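Okay, so here's the structure we're looking at.
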Amino acid sequence: MNLSDSEIEKLIIAQYDILQKLALEQGENVTHIKPHGALNNMACENIELAATLAKSIKGINKDLIYLVPTGSKMEEAAKKLDMKIACEIFADRNYEDDGNLVSRKKPHALITDPEQAKIHVLSMVKNQSLNCHSGKQIPCEIDSVCIHGDNMSSLATAKSIKDNLIDNGLDLKPLNKMKKFKND
């Protein structure tokens, strides 16, 4: 869909408002925002769209943590606005040498084997770099791991990754409990 900047901003705010209302009903608050799907993918490569998203999210609440794919235009736009950002990697996706995700149209786009995913993630987290399908590594910041829920092995992949990270001495915690976001 081709939407104007103001339409995108209205959608982001409306979705946040709905989620925040639900959170408040449970005695909680929304602490972070992550654009999803095609919007996220387009904003990774389009600085204008990335800037619109960043401005919209910062306008909602400057204390929201903005979850962005590491190395993306979204990260770049958020840093320009001095936002609180958490950089994310994808556990079940391969990367191209430019740091973008391999297109789902390609046969090697997805990592569906939980064992392969846990090795992929541990390597990226320990090295603070993206593992490209070619073998290239791109240094980056990593705060969060995304595991897509649209394949049969998603739950097993999530459990395998979590257990492996903990077994390797990593301390897992909610984004808003991370040291970098405490009382800035």
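By convention in this document, the chains of the structure tokens carry letters A, B, ... by their order, each chain's residues are numbered from 1, and ligands are numbered from 1 in the order they are shown.
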Selection near His36 (chain A), 12 Å with only C-alpha atoms, sequence-local residues under 5 positions removed, as a list in words: Ile12, Gln15, Asn41, Met42, Ala43, Cys44, Leu53, Leu67, Val68, Pro69, Cys146 and His148 of chain A
Limited to C-alpha atoms, could you put the picked residues into a file as a CSV table (one decimal), in the first residue's frame?
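Heads up, here's the output in result38.csv:
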chain,number,residue,atom,x,y,z
A,12,ILE,CA,1.2,3.8,14.2
A,15,GLN,CA,-2.1,0.8,16.9
A,41,ASN,CA,11.2,-4.4,5.4
A,42,MET,CA,10.6,-1.3,3.3
A,43,ALA,CA,11.7,1.1,6.1
A,44,CYS,CA,15.0,-0.9,6.4
A,53,LEU,CA,8.4,5.9,11.5
A,67,LEU,CA,13.1,-2.0,18.0
A,68,VAL,CA,15.0,-1.8,14.7
A,69,PRO,CA,16.9,-4.3,12.5
A,146,CYS,CA,13.5,-12.0,16.4
A,148,HIS,CA,9.3,-15.6,13.1
Selection near Asp98 (chain A), 10 Å with only C-alpha atoms, sequence-local residues under 4 positions removed, as a list in words: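 The residues satisfying every condition are Gly71, Val102, Cys132, Lys136 and Ile138 of chain A.
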Distance query Glu7 (chain A) at most 12 Å, only C-alpha atoms, self and fewer than 4 positions along chain excluded, as a PyMOL selection string: chain A and resi 1-3+11-14+49+52-53+56
Residues as selected, N, CA and C atoms, written as a PDB file, in the first residue's frame, can you do that?
ATOM      1  N   MET A   1       0.832  -1.180   0.000  1.00  0.00           N
ATOM      2  CA  MET A   1       0.000   0.000   0.000  1.00  0.00           C
ATOM      3  C   MET A   1       0.881   1.249   0.000  1.00  0.00           C
ATOM      4  N   ASN A   2       0.526   2.202  -0.810  1.00  0.00           N
ATOM      5  CA  ASN A   2       1.214   3.484  -0.781  1.00  0.00           C
ATOM      6  C   ASN A   2       0.458   4.422   0.141  1.00  0.00           C
ATOM      7  N   LEU A   3       1.057   4.746   1.264  1.00  0.00           N
ATOM      8  CA  LEU A   3       0.435   5.628   2.238  1.00  0.00           C
ATOM      9  C   LEU A   3       1.273   6.878   2.403  1.00  0.00           C
ATOM     10  N   LEU A  11      -1.672   5.515  11.575  1.00  0.00           N
ATOM     11  CA  LEU A  11      -1.744   4.067  11.812  1.00  0.00           C
ATOM     12  C   LEU A  11      -0.885   3.652  13.007  1.00  0.00           C
ATOM     13  N   ILE A  12       0.323   4.178  13.075  1.00  0.00           N
ATOM     14  CA  ILE A  12       1.235   3.847  14.176  1.00  0.00           C
ATOM     15  C   ILE A  12       0.618   4.283  15.501  1.00  0.00           C
ATOM     16  N   ILE A  13       0.114   5.514  15.542  1.00  0.00           N
ATOM     17  CA  ILE A  13      -0.481   6.034  16.779  1.00  0.00           C
ATOM     18  C   ILE A  13      -1.720   5.233  17.166  1.00  0.00           C
ATOM     19  N   ALA A  14      -2.580   4.937  16.201  1.00  0.00           N
ATOM     20  CA  ALA A  14      -3.806   4.184  16.494  1.00  0.00           C
ATOM     21  C   ALA A  14      -3.480   2.793  17.032  1.00  0.00           C
ATOM     22  N   LEU A  49      10.999   6.744   4.642  1.00  0.00           N
ATOM     23  CA  LEU A  49      10.011   5.982   5.391  1.00  0.00           C
ATOM     24  C   LEU A  49      10.526   5.708   6.805  1.00  0.00           C
ATOM     25  N   THR A  52       9.995   8.766   8.859  1.00  0.00           N
ATOM     26  CA  THR A  52       8.579   8.936   9.212  1.00  0.00           C
ATOM     27  C   THR A  52       8.216   8.050  10.399  1.00  0.00           C
ATOM     28  N   LEU A  53       8.643   6.806  10.360  1.00  0.00           N
ATOM     29  CA  LEU A  53       8.367   5.893  11.471  1.00  0.00           C
ATOM     30  C   LEU A  53       9.014   6.391  12.762  1.00  0.00           C
ATOM     31  N   SER A  56       7.227   9.425  14.152  1.00  0.00           N
ATOM     32  CA  SER A  56       5.913   9.038  14.676  1.00  0.00           C
ATOM     33  C   SER A  56       6.044   8.385  16.043  1.00  0.00           C
TER      34      SER A  56
END
Residue among A:Met83, A:Ile18, A:Ile57, A:Val145 lying closest to Leu130 (chain A), counting only C-alpha atoms: A:Val145
Within 9 Å of Ile85 (chain A) using only C-alpha atoms, minus same-chain residues under 3 positions, as a PyMOL selection string: chain A and resi 32+64-68+75+78-79+82+143+181
Residue neighbourhood Asn131 (chain A), 12 Å, only C-alpha atoms, exclusion window fewer than 5 positions, as a list in words: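 The residues that qualify are Ile89, Phe90, Ala91, Asp92, Arg93, Asn94, Tyr95, Glu96, Asp97, Asp98, Gly99, Asn100, Leu101, Val102, Ala117, Ile119, His120, Val121, Leu122, Ser123, Met124, Val125, Lys126, Lys136, Gln137, Ile138, Pro139 and Cys140 of chain A.
Of note, CA of Gly135 (chain A) and CA of Ser103 (chain A) are spaced 17.1 Å apart.
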